[in-house]
Structures are given as structure tokens and as C-alpha cells.
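Here is input-v7.tsv, consisting of TSV, C-alpha atoms:
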```
chain	number	residue	atom	x	y	z
Q	29	MET	CA	83.93	99.53	92.09
Q	30	SER	CA	80.81	100.15	90.02
Q	31	ILE	CA	78.71	97.40	88.51
Q	32	THR	CA	79.83	98.47	85.05
Q	33	ASP	CA	83.51	97.97	86.03
Q	34	GLU	CA	83.14	94.27	86.76
Q	35	TYR	CA	84.62	91.50	84.67
Q	36	PRO	CA	82.16	88.63	84.18
Q	37	MET	CA	83.20	85.36	85.79
Q	38	GLN	CA	81.68	83.53	82.85
Q	39	ARG	CA	84.14	85.25	80.51
Q	40	TRP	CA	87.12	84.64	82.78
Q	41	VAL	CA	86.47	80.92	83.41
Q	42	PHE	CA	84.92	79.70	80.17
Q	43	GLN	CA	86.65	81.95	77.63
Q	44	ASP	CA	89.89	83.51	78.82
Q	45	ALA	CA	91.09	80.68	81.06
Q	46	ALA	CA	89.63	77.66	79.28
Q	47	GLY	CA	92.32	75.07	78.56
Q	48	ARG	CA	95.14	77.26	79.85
Q	49	PHE	CA	95.73	75.86	83.35
Q	50	ASP	CA	96.62	72.56	84.94
Q	51	ILE	CA	96.14	73.67	88.57
Q	52	ASP	CA	92.71	74.99	89.57
Q	53	LEU	CA	92.85	77.23	92.62
Q	54	GLY	CA	90.08	79.43	91.24
Q	55	ASP	CA	86.83	77.49	91.59
Q	56	SER	CA	85.31	77.68	95.06
Q	57	ASN	CA	84.29	74.08	95.63
Q	58	MET	CA	85.77	71.18	97.53
Q	59	LEU	CA	87.99	68.77	95.60
Q	60	PRO	CA	85.44	67.13	93.26
Q	61	GLY	CA	84.15	63.67	94.08
Q	62	ARG	CA	83.97	60.81	91.58
Q	63	LEU	CA	81.15	58.67	90.30
Q	64	ASP	CA	82.79	55.49	91.55
Q	65	GLN	CA	82.38	56.80	95.11
Q	66	LEU	CA	78.60	56.61	94.71
Q	67	SER	CA	76.16	53.81	94.01
Q	68	VAL	CA	72.77	53.58	92.37
Q	69	ASP	CA	70.42	50.69	91.64
Q	70	PRO	CA	70.94	49.88	87.93
Q	71	ARG	CA	67.22	49.16	87.72
Q	72	LEU	CA	66.38	52.79	88.45
Q	73	GLU	CA	63.63	54.05	86.16
Q	74	LEU	CA	64.70	57.24	84.42
Q	75	ASP	CA	61.30	58.88	84.42
Q	76	TYR	CA	60.43	62.55	84.88
Q	77	GLY	CA	60.72	62.41	88.63
Q	78	HIS	CA	58.95	65.11	90.62
Q	79	ASP	CA	58.74	68.85	90.09
Q	80	ARG	CA	59.79	69.50	93.70
Q	81	GLY	CA	62.38	66.73	93.75
Q	82	ILE	CA	61.98	63.07	94.60
Q	83	GLY	CA	60.58	62.51	98.07
Q	84	ALA	CA	63.63	60.65	99.35
Q	85	LEU	CA	65.88	63.62	98.61
Q	86	ARG	CA	63.46	66.21	100.01
Q	87	ASP	CA	63.33	64.17	103.22
Q	88	ARG	CA	67.12	64.10	103.49
Q	89	VAL	CA	67.45	67.84	102.87
Q	90	ALA	CA	64.74	68.55	105.45
Q	91	GLU	CA	66.77	66.47	107.92
Q	92	LEU	CA	69.78	68.74	107.31
Q	93	TYR	CA	67.70	71.64	108.62
Q	94	GLY	CA	65.76	69.66	111.19
Q	95	GLY	CA	62.65	70.91	109.40
Q	96	ASP	CA	59.72	70.02	107.16
Q	97	PRO	CA	60.01	68.48	103.65
Q	98	ASP	CA	57.16	70.79	102.55
Q	99	SER	CA	59.63	73.67	102.94
Q	100	VAL	CA	62.11	72.07	100.49
Q	101	LEU	CA	62.41	72.51	96.72
Q	102	ILE	CA	65.15	70.61	94.88
Q	103	THR	CA	66.73	72.63	92.07
Q	104	GLN	CA	69.45	72.56	89.40
Q	105	GLY	CA	72.16	73.64	91.79
Q	106	ALA	CA	71.93	76.60	94.13
Q	107	GLN	CA	72.15	78.86	91.08
Q	108	GLN	CA	68.66	77.87	89.93
Q	109	ALA	CA	67.32	78.12	93.47
Q	110	LEU	CA	68.49	81.73	93.69
Q	111	TYR	CA	67.12	82.52	90.26
Q	112	LEU	CA	63.70	81.05	91.10
Q	113	VAL	CA	63.48	83.16	94.24
Q	114	TYR	CA	64.22	86.31	92.23
Q	115	ALA	CA	61.71	85.39	89.53
Q	116	SER	CA	59.03	84.46	92.05
Q	117	LEU	CA	59.28	87.33	94.53
Q	118	LEU	CA	60.40	90.33	92.50
Q	119	THR	CA	58.62	92.68	90.14
Q	120	ALA	CA	59.83	95.77	88.32
Q	121	GLY	CA	60.45	98.64	90.72
Q	122	ALA	CA	60.97	96.51	93.80
Q	123	GLN	CA	64.05	97.29	95.88
Q	124	VAL	CA	66.75	94.68	96.41
Q	125	ILE	CA	69.70	95.17	98.76
Q	126	VAL	CA	72.81	93.07	98.05
Q	127	TYR	CA	76.31	92.97	99.51
Q	128	ARG	CA	79.41	93.45	97.35
Q	129	PRO	CA	81.78	91.84	96.71
Q	130	GLY	CA	79.62	88.80	96.20
Q	131	TRP	CA	77.96	86.67	93.59
Q	132	GLN	CA	77.30	88.53	90.32
Q	133	GLN	CA	73.86	86.95	89.86
Q	134	SER	CA	72.43	88.87	92.83
Q	135	TRP	CA	72.83	92.26	91.15
Q	136	ASP	CA	72.71	91.25	87.47
Q	137	ILE	CA	69.49	89.24	87.43
Q	138	THR	CA	67.66	91.55	89.79
Q	139	ALA	CA	68.58	94.53	87.62
Q	140	ASP	CA	67.39	92.62	84.54
Q	141	LEU	CA	64.04	92.18	86.28
Q	142	GLY	CA	63.72	95.95	86.55
Q	143	CYS	CA	64.44	96.17	90.26
Q	144	GLN	CA	66.14	98.99	92.10
Q	145	VAL	CA	69.40	97.32	93.19
Q	146	ASP	CA	71.35	98.90	96.05
Q	147	CYS	CA	74.74	97.55	97.07
Q	148	ALA	CA	75.55	97.59	100.77
Q	149	PRO	CA	79.21	97.65	101.80
Q	150	TYR	CA	80.98	95.52	104.36
Q	151	ARG	CA	82.69	97.09	107.33
Q	152	ASP	CA	86.44	97.60	107.13
Q	153	ASP	CA	86.98	94.17	108.69
Q	154	LEU	CA	84.64	92.65	106.06
Q	155	THR	CA	81.86	91.93	108.54
Q	156	PHE	CA	78.33	92.64	107.35
Q	157	ASP	CA	77.32	96.27	107.81
Q	158	VAL	CA	73.68	96.01	108.90
Q	159	GLU	CA	73.42	99.73	109.59
Q	160	ALA	CA	74.42	100.49	106.00
Q	161	ALA	CA	71.74	98.12	104.70
Q	162	ALA	CA	69.12	99.72	106.95
Q	163	ALA	CA	70.10	103.16	105.69
Q	164	LEU	CA	69.52	102.01	102.11
Q	165	ALA	CA	66.13	100.42	102.82
Q	166	GLY	CA	63.22	102.21	101.17
Q	167	PRO	CA	59.46	101.67	101.13
Q	168	GLY	CA	59.72	99.28	98.18
Q	169	LEU	CA	62.19	96.89	99.82
Q	170	ARG	CA	61.32	93.34	98.85
Q	171	LEU	CA	64.52	91.32	99.26
Q	172	ILE	CA	67.86	91.43	101.11
Q	173	VAL	CA	70.50	89.07	99.72
Q	174	ALA	CA	73.39	87.85	101.87
Q	175	ASN	CA	75.88	85.00	101.66
Q	176	SER	CA	77.16	83.35	104.85
Q	177	PRO	CA	79.93	82.27	104.99
Q	178	CYS	CA	80.58	84.81	102.27
Q	179	ASN	CA	81.99	84.16	98.83
Q	180	PRO	CA	84.59	85.64	98.35
Q	181	THR	CA	85.55	87.09	101.76
Q	182	GLY	CA	85.19	83.84	103.70
Q	183	ARG	CA	83.51	85.66	106.59
Q	184	ARG	CA	80.24	84.52	108.18
Q	185	ILE	CA	77.50	86.83	109.41
Q	186	ALA	CA	77.83	87.38	113.14
Q	187	ASP	CA	74.76	86.38	115.12
Q	188	ALA	CA	73.94	89.96	116.09
Q	189	ASP	CA	74.22	91.14	112.48
Q	190	LEU	CA	72.07	88.24	111.30
Q	191	ARG	CA	69.37	89.19	113.79
Q	192	GLY	CA	69.60	92.76	112.54
Q	193	LEU	CA	69.03	91.71	108.91
Q	194	ILE	CA	66.09	89.50	109.87
Q	195	GLU	CA	64.52	92.32	111.89
Q	196	LEU	CA	64.99	94.70	108.96
Q	197	ALA	CA	63.25	92.25	106.63
Q	198	GLU	CA	60.39	91.77	109.10
Q	199	ARG	CA	59.89	95.52	109.60
Q	200	ARG	CA	59.71	96.10	105.84
Q	201	ASP	CA	57.59	93.04	105.04
Q	202	ALA	CA	60.51	91.81	102.94
Q	203	TYR	CA	62.52	88.59	102.78
Q	204	LEU	CA	66.11	87.74	103.64
Q	205	LEU	CA	67.60	85.43	101.01
Q	206	LEU	CA	70.48	83.65	102.71
Q	207	ASP	CA	72.94	81.84	100.46
Q	208	GLU	CA	74.35	79.15	102.77
Q	209	GLU	CA	76.40	77.18	100.24
Q	210	TYR	CA	79.36	76.99	102.62
Q	211	ALA	CA	77.49	76.41	105.89
Q	212	LEU	CA	78.55	73.14	107.51
Q	213	ASP	CA	75.54	72.74	109.80
Q	214	LEU	CA	72.21	73.87	108.36
Q	215	ARG	CA	70.42	73.13	111.63
Q	216	ASP	CA	71.62	76.59	112.62
Q	217	SER	CA	69.91	78.21	109.64
Q	218	PRO	CA	67.45	80.98	110.60
Q	219	ALA	CA	65.22	79.77	107.77
Q	220	VAL	CA	63.88	77.10	110.12
Q	221	GLY	CA	60.82	78.49	111.83
Q	222	SER	CA	60.92	81.87	110.06
Q	223	ASP	CA	58.46	83.06	107.45
Q	224	ARG	CA	60.86	85.79	106.27
Q	225	VAL	CA	64.09	83.85	105.65
Q	226	ILE	CA	64.90	81.67	102.64
Q	227	SER	CA	67.98	79.43	102.70
Q	228	VAL	CA	69.75	78.15	99.60
Q	229	SER	CA	72.46	75.49	99.43
Q	230	SER	CA	73.66	72.52	97.38
Q	231	LEU	CA	76.03	69.56	97.09
Q	232	SER	CA	78.50	71.57	95.01
Q	233	LYS	CA	80.79	73.35	97.45
Q	234	VAL	CA	81.28	71.51	100.74
Q	235	TYR	CA	80.46	68.03	99.45
Q	236	GLY	CA	82.38	68.44	96.19
Q	237	PHE	CA	79.76	67.27	93.70
Q	238	PRO	CA	79.04	70.28	91.46
Q	239	GLY	CA	78.60	67.93	88.51
Q	240	LEU	CA	75.41	66.52	90.04
Q	241	ARG	CA	73.86	70.00	89.68
Q	242	THR	CA	71.76	69.33	92.77
Q	243	GLY	CA	70.76	72.19	95.03
Q	244	TRP	CA	67.76	73.31	96.99
Q	245	LEU	CA	65.95	76.08	98.75
Q	246	TYR	CA	64.36	75.88	102.19
Q	247	GLY	CA	61.76	78.48	103.04
Q	248	PRO	CA	58.16	79.43	103.73
Q	249	PRO	CA	55.69	77.12	101.92
Q	250	GLU	CA	54.21	79.97	99.88
Q	251	VAL	CA	57.68	80.86	98.55
Q	252	VAL	CA	58.39	77.22	97.77
Q	253	GLU	CA	55.09	77.00	95.89
Q	254	GLY	CA	55.86	80.05	93.74
Q	255	CYS	CA	59.35	78.80	92.95
Q	256	ALA	CA	58.09	75.28	92.15
Q	257	ARG	CA	55.64	76.72	89.63
Q	258	ARG	CA	58.41	78.58	87.80
Q	259	LYS	CA	60.71	75.58	87.95
Q	260	PHE	CA	58.06	73.41	86.30
Q	261	LEU	CA	57.60	75.96	83.52
Q	262	SER	CA	61.34	76.02	82.82
Q	263	THR	CA	62.87	72.59	83.49
Q	264	ILE	CA	59.89	70.50	84.76
Q	265	ALA	CA	62.10	68.48	87.10
Q	266	ASN	CA	65.69	67.54	87.87
Q	267	SER	CA	67.41	64.41	86.66
Q	268	VAL	CA	66.14	61.41	88.63
Q	269	LEU	CA	69.58	59.87	88.30
Q	270	CYS	CA	71.32	62.91	89.80
Q	271	GLU	CA	68.79	63.19	92.61
Q	272	THR	CA	69.19	59.51	93.48
Q	273	LEU	CA	72.97	59.88	93.54
Q	274	ALA	CA	72.48	62.96	95.74
Q	275	CYS	CA	70.66	60.77	98.26
Q	276	ASP	CA	73.75	58.57	98.42
Q	277	VAL	CA	75.95	61.62	99.05
Q	278	LEU	CA	73.79	62.75	101.96
Q	279	ASP	CA	73.67	59.24	103.37
Q	280	GLN	CA	77.48	59.57	103.68
Q	281	GLN	CA	77.35	63.10	105.08
Q	282	ASP	CA	79.68	62.43	108.02
Q	283	HIS	CA	82.30	60.97	105.69
Q	284	TYR	CA	82.24	63.96	103.35
Q	285	LEU	CA	82.35	66.50	106.17
Q	286	ARG	CA	85.39	64.76	107.68
Q	287	ARG	CA	87.04	64.73	104.25
Q	288	TYR	CA	86.27	68.41	103.83
Q	289	ALA	CA	87.78	69.28	107.22
Q	290	ASP	CA	90.93	67.27	106.49
Q	291	ILE	CA	91.58	68.68	103.01
Q	292	THR	CA	90.77	72.29	103.87
Q	293	GLY	CA	92.82	72.13	107.07
Q	294	GLN	CA	95.93	71.10	105.15
Q	295	GLY	CA	95.33	73.61	102.37
Q	296	LEU	CA	94.67	76.57	104.67
Q	297	LYS	CA	97.94	75.91	106.51
Q	298	LEU	CA	99.80	76.21	103.21
Q	299	VAL	CA	98.00	79.45	102.28
Q	300	ARG	CA	98.70	80.95	105.70
Q	301	GLU	CA	102.41	80.21	105.30
Q	302	PHE	CA	102.33	81.67	101.78
Q	303	ALA	CA	100.71	84.88	103.06
Q	304	GLU	CA	103.25	85.19	105.87
Q	305	ARG	CA	106.15	84.82	103.44
Q	306	ASN	CA	104.67	87.47	101.18
Q	307	ALA	CA	103.25	89.91	103.72
Q	308	ASP	CA	104.55	92.83	101.67
Q	309	ALA	CA	102.33	91.83	98.73
Q	310	VAL	CA	99.18	90.18	100.14
Q	311	GLN	CA	97.07	90.25	103.28
Q	312	LEU	CA	95.10	87.13	104.21
Q	313	VAL	CA	91.51	87.55	105.37
Q	314	GLU	CA	91.18	84.59	107.70
Q	315	PRO	CA	88.36	82.39	106.33
Q	316	GLU	CA	85.62	80.96	108.54
Q	317	ASN	CA	85.14	77.37	107.37
Q	318	THR	CA	85.25	78.09	103.65
Q	319	PRO	CA	87.31	76.14	101.08
Q	320	PHE	CA	88.87	79.39	99.85
Q	321	ALA	CA	90.42	82.57	101.19
Q	322	TRP	CA	90.40	86.20	100.16
Q	323	LEU	CA	93.84	87.73	99.67
Q	324	ARG	CA	94.04	91.49	99.55
Q	325	LEU	CA	96.61	92.62	97.01
Q	326	THR	CA	98.79	95.46	98.33
Q	327	THR	CA	101.25	95.89	95.45
Q	328	GLY	CA	99.13	98.43	93.59
Q	329	GLU	CA	98.56	96.03	90.71
Q	330	GLN	CA	95.03	95.24	89.56
Q	331	PRO	CA	93.96	91.70	90.56
Q	332	LEU	CA	92.93	90.82	87.01
Q	333	THR	CA	96.37	91.79	85.72
Q	334	LEU	CA	98.07	89.56	88.29
Q	335	CYS	CA	95.68	86.67	87.64
Q	336	ARG	CA	96.38	86.87	83.92
Q	337	ARG	CA	100.11	86.54	84.56
Q	338	VAL	CA	99.46	83.64	86.95
Q	339	LEU	CA	97.27	82.02	84.31
Q	340	ASP	CA	100.23	82.11	81.92
Q	341	ALA	CA	102.00	79.95	84.52
Q	342	GLY	CA	99.17	77.39	84.37
Q	343	VAL	CA	97.34	78.32	87.59
Q	344	LEU	CA	93.74	79.52	87.80
Q	345	LEU	CA	92.86	82.13	90.44
Q	346	MET	CA	89.67	84.17	90.72
Q	347	PRO	CA	90.32	87.91	90.24
Q	348	GLY	CA	88.29	90.24	92.40
Q	349	GLU	CA	86.87	91.98	89.34
Q	350	THR	CA	84.69	88.90	88.70
Q	351	LEU	CA	83.14	89.27	92.17
Q	352	GLY	CA	82.57	93.01	92.35
Q	353	ALA	CA	85.89	93.90	94.00
Q	354	SER	CA	89.12	95.50	92.83
Q	355	ASP	CA	91.47	95.00	95.78
Q	356	GLY	CA	92.18	91.27	95.89
Q	357	PHE	CA	91.67	87.75	94.60
Q	358	ARG	CA	90.14	84.49	95.77
Q	359	ILE	CA	92.24	81.37	96.13
Q	360	CYS	CA	90.78	77.92	96.73
Q	361	PHE	CA	92.83	75.57	98.93
Q	362	ALA	CA	90.41	72.60	99.02
Q	363	ARG	CA	92.70	70.63	96.73
Q	364	ASP	CA	95.33	67.91	97.11
Q	365	PRO	CA	98.12	69.45	99.21
Q	366	GLU	CA	100.62	68.70	96.43
Q	367	ALA	CA	98.56	70.75	93.95
Q	368	VAL	CA	98.21	73.66	96.41
Q	369	THR	CA	101.95	73.59	97.12
Q	370	GLU	CA	102.85	73.59	93.43
Q	371	GLY	CA	100.31	76.29	92.61
Q	372	LEU	CA	101.64	78.57	95.34
Q	373	ARG	CA	105.21	77.91	94.17
Q	374	ARG	CA	104.29	79.17	90.70
Q	375	ILE	CA	102.36	82.18	92.00
Q	376	GLU	CA	105.00	83.44	94.44
Q	377	PRO	CA	107.53	84.88	91.95
Q	378	LEU	CA	104.70	86.61	90.08
Q	379	LEU	CA	103.10	88.40	93.04
Q	380	ARG	CA	105.02	91.59	92.54
Q	381	PRO	CA	104.78	93.36	89.19
Q	382	ALA	CA	108.05	93.69	87.28
Q	383	PRO	CA	109.66	97.12	87.75
Q	384	GLN	CA	109.05	99.50	84.90
Q	385	VAL	CA	112.19	100.22	82.90
Q	386	PRO	CA	112.47	103.75	81.44
Q	387	PRO	CA	112.23	103.72	77.63
Q	388	SER	CA	115.74	105.08	77.22
Q	389	ALA	CA	117.16	102.29	79.38
Q	390	ALA	CA	114.99	99.66	77.71
Q	391	HIS	CA	116.64	100.34	74.37
Q	392	PHE	CA	120.18	100.51	75.80
Q	393	SER	CA	122.24	97.66	74.33
Q	394	GLY	CA	125.38	98.09	76.40
Q	395	GLN	CA	127.12	100.08	73.66
Q	396	ASN	CA	126.89	103.70	72.61
Q	397	SER	CA	126.50	103.77	68.83
Q	398	ASN	CA	128.09	107.21	68.74
Q	399	LEU	CA	131.31	106.00	70.31
Q	400	PRO	CA	133.94	103.50	69.20
Q	401	ASN	CA	133.37	99.94	70.32
Q	402	GLY	CA	134.34	99.46	73.93
Q	403	VAL	CA	134.33	103.19	74.77
Q	404	LEU	CA	131.72	104.06	77.42
```
Would you mind giving the structure from this file in C-alpha cells?
Amino acid sequence: MSITDEYPMQRWVFQDAAGRFDIDLGDSNMLPGRLDQLSVDPRLELDYGHDRGIGALRDRVAELYGGDPDSVLITQGAQQALYLVYASLLTAGAQVIVYRPGWQQSWDITADLGCQVDCAPYRDDLTFDVEAAAALAGPGLRLIVANSPCNPTGRRIADADLRGLIELAERRDAYLLLDEEYALDLRDSPAVGSDRVISVSSLSKVYGFPGLRTGWLYGPPEVVEGCARRKFLSTIANSVLCETLACDVLDQQDHYLRRYADITGQGLKLVREFAERNADAVQLVEPENTPFAWLRLTTGEQPLTLCRRVLDAGVLLMPGETLGASDGFRICFARDPEAVTEGLRRIEPLLRPAPQVPPSAAHFSGQNSNLPNGVL
């Protein structure tokens, strides 16, 4: 699938699907939390805060990594963190290697910056093909972008492949930008202690608070400094209110991780059973601790076509075309089990495209107009 063949997620979610579904199995985040689950001192001063994020939140994020607060920059979600890295590190003509399918921003924004963008494939089992990335690497390589666990495949980078990507970045004096939105334990992040790895994450996916728009990057101090400068020139700082609420979320980390494990465990069981019942139409790629799964579509129908028909039934899925793929769709199961069950019930009869009726048969009314009534 070429970059020009993709279907923008922004169009699918905010235009085509807006207001047309009552069950959301398309977004990739945990069941959203509520404001009444959090607390904040009503005397909080709503000042400008700090360009790098309030100190209390930087300290808590550093604790997630077991690292240094000086390596932390708080951002408007992981999306801004990724954007700031691109804007800070890349110049026109630099080479960027990304994996597809993946997050559209990694190839769209980098191309807009004038970079040479090369898309590395996954192996047939959807593991990360390090050899393919190395074969693409040229003298101008500046950044390798990878997502682990991966959106949309649900697969994490194996330790050996991760070491291979880090070694490639080190050999080429480049950086590895690791999107770890779905990582459950950031103490394992290779960004800790490395001057060539940048980690990005947020409270949106695992914790279920995308509405707080609170993310971060963790990386070498010189990268943090460059990103902080560009953040100041664009948004100055985050909302002090949102950052203070984010502190409360992280103070309850164990609670939210247990909730995540419980909800996703129930949902994945339902999706597995759905895939088994419909093995002639879909193949489940077993996810590795993600709130969603990738289902390969084997009916010959385009994923976007199927997802449009499912949308007519009031269920939102994420067609592969929005993620740089044309062979499947993403389904989120981090929802109330009742909602997942009902959503799957509506999807199931739509999985297989209706058989095509020949035009001559389509117009057949049961009577031959050239014969007397009742004569066939």
C-alpha cells in the first residue's frame, strides 16, 4: 500500500463516522476514566505553569522510568511529543525510517519537513524486520521510528530486534524514537541510560485519560532542551489543571493497571471467541498487552468497505487504510464486556460481503412478462 493510497484517520473519525455510532470499538485507548475519579485542590492557582511541565509531574514520570526528571518533557499528549522530536531533530533531506502499518504522523509530518521517508516492512509474522531497516539506511539517516507494542498490530519489538535497531542508530549517529504508548512498565525502556533512544508515552491509552491531553517524552537532555524550546514557541506550557490531575492518576497507578488488566482480559476473550467462530473471514493476530487487536480480513473485501457497512450498524472500527495497511482492521476490546459483546454481535453477520447477483437475475420478478401469468 503506497502512502498516497491511505485514508486519513482524521477524515474517518471526525467526518465520516462522527455521530453515526453508539459502540466505539475503533479508538485504541482504555475505557475512558471520569473526572469524579480524580481530585484536585480547589485552591489551585491556574497560572502558566512550567514550559517543561510542573515539577511534581516530571518527578512522577521520571519514577515510571526509574530515571532523571531532567530527561522528561511534559507535552500535549504523546502526539505533541512526537511532533516536537520531528521538528527538533530533522531538517530537509534527512532520512527517516518508519514501519508500516503504523501511525500516520510518522510519515506525513516527516515528509512535510522535506525528509526522505523510507517505510520498512514487518516480517510475515508482523515482527519488526531489523534487516530490512538496515538495508534502507543511508548516509543521511537521522531517525528511526518504531512503536512497541505496535499500533495496530499489537506486537512488541523482541529484545534482539530492539538491540538491532539501537545498534543501527548508534552506528549511523542517528536516534531511535520509540513510541511506548502501550508499554505497561517503562522501567524496561531502553531510553533509560541511552543517548540515542527517545521514549514517548502518555496517560491516554493504558490509563484511559485521553481527555487530559497529558503526555511526555523521555530522552537525552539535549533532545529534551530542543523540544522544550519548540514547545514554548508553540503552546508555552500545558494546562496546570490537567497536569495536576495527571499527578493524581499516577499516584493511583497500581489501581489503573489492575483495571486495565481486568477489562482487557475480559474483552480479549470475547474477541478470541469471535475470531474462532469466523475463522473463514478473519485471522486474529494475538496482541501483546494492547487494548486492541489486529484482525486480518480474508474475504477479499477491502477493510474500509467492511468498516463502512459496520458503521451503518452503529459500530466504529478502525479500517487498515487509516493506518497504512489494506489487509485488515483494528478492533478495541478495552470496553465494558456488554458493549464488546453487542458490538461483535452486530459485526458478525456483516463480515462476509453479500454475494453479487447477476444483473439479469437482479431484475427477475418471478414472472416472465412475455408469458401468460403463472406460466414459467
Set up a box along x, y and z of the file covering all listed atoms of segment 72-89 of chain Q, add 8 Å on every one of the six sides, and write the centre and edge lengths in Å to one decimal, as JSON.
```
{"center_x": 63.1, "center_y": 61.1, "center_z": 94.0, "size_x": 24.7, "size_y": 32.7, "size_z": 35.1}
```
| said: Report as JSON, numbers by chain all protein, DNA and RNA residues lying within 12 Å of Arg358 of chain Q, evaluated on only C-alpha atoms, omitting residues in the same chain fewer than 4 positions from it. | reply: {"Q": [52, 53, 54, 55, 56, 57, 129, 130, 178, 179, 180, 181, 182, 299, 310, 311, 312, 313, 314, 315, 318, 319, 320, 321, 322, 323, 324, 325, 331, 332, 335, 344, 345, 346, 347, 348, 349, 350, 351, 352, 353, 354]}
| Proximity to Asp279 of chain Q - best of Q:Ala46, Q:Leu101, Q:Cys255, Q:Ala84, all atoms listed in the file |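 Residue with the minimum atom-to-atom distance to Asp279 of chain Q: Q:Ala84.
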| said: Residues near Ser267 of chain Q, anyone? I mean within 10 Å using only C-alpha atoms, not counting same-chain ones fewer than 3 positions away, as a list in words. | reply: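 Counting only C-alpha atoms, the residues come to Leu74, Asp75, Tyr76, Gly77, His78, Gly81, Ile82, Thr103, Gln104, Leu240, Arg241, Thr242, Thr263, Ile264, Cys270, Glu271, Thr272 and Leu273 of chain Q.
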| request: Determine, counting only C-alpha atoms, which protein, DNA and RNA residues have an atom within 8 Å of an atom of Gln144 of chain Q; residues of the same chain fewer than 6 positions away are not included. Present the result as a ChimeraX atom specification. | output: /Q:121-124,138
| At most 12 Å from (83.9, 61.4, 93.0), file frame, all atoms listed in the file: which residues, as number ranges by chain? | Q: 58-67, 232, 235-240, 273-274, 276-277, 284
Take the selection from the previous step and output its residues with C-alpha atoms, as an mmCIF file, in the frame of the given file.
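Ended up saving to out_25.cif:
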```cif
data_model
loop_
_atom_site.group_PDB
_atom_site.id
_atom_site.type_symbol
_atom_site.label_atom_id
_atom_site.label_comp_id
_atom_site.auth_asym_id
_atom_site.auth_seq_id
_atom_site.Cartn_x
_atom_site.Cartn_y
_atom_site.Cartn_z
ATOM 1 C CA MET Q 58 85.770 71.180 97.530
ATOM 2 C CA LEU Q 59 87.990 68.770 95.600
ATOM 3 C CA PRO Q 60 85.440 67.130 93.260
ATOM 4 C CA GLY Q 61 84.150 63.670 94.080
ATOM 5 C CA ARG Q 62 83.970 60.810 91.580
ATOM 6 C CA LEU Q 63 81.150 58.670 90.300
ATOM 7 C CA ASP Q 64 82.790 55.490 91.550
ATOM 8 C CA GLN Q 65 82.380 56.800 95.110
ATOM 9 C CA LEU Q 66 78.600 56.610 94.710
ATOM 10 C CA SER Q 67 76.160 53.810 94.010
ATOM 11 C CA SER Q 232 78.500 71.570 95.010
ATOM 12 C CA TYR Q 235 80.460 68.030 99.450
ATOM 13 C CA GLY Q 236 82.380 68.440 96.190
ATOM 14 C CA PHE Q 237 79.760 67.270 93.700
ATOM 15 C CA PRO Q 238 79.040 70.280 91.460
ATOM 16 C CA GLY Q 239 78.600 67.930 88.510
ATOM 17 C CA LEU Q 240 75.410 66.520 90.040
ATOM 18 C CA LEU Q 273 72.970 59.880 93.540
ATOM 19 C CA ALA Q 274 72.480 62.960 95.740
ATOM 20 C CA ASP Q 276 73.750 58.570 98.420
ATOM 21 C CA VAL Q 277 75.950 61.620 99.050
ATOM 22 C CA TYR Q 284 82.240 63.960 103.350
#
```
| task | Measure the distance from atom CA of Gly371 of chain Q to atom CA of Gly342 of chain Q in Å and round it to one decimal. | result | 8.4 Å
| task | Would you mind reading off the distance between atom CA of Cys360 of chain Q and atom CA of Leu339 of chain Q, one decimal, in Å? | result |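 Distance between the two atoms: 14.6 Å.
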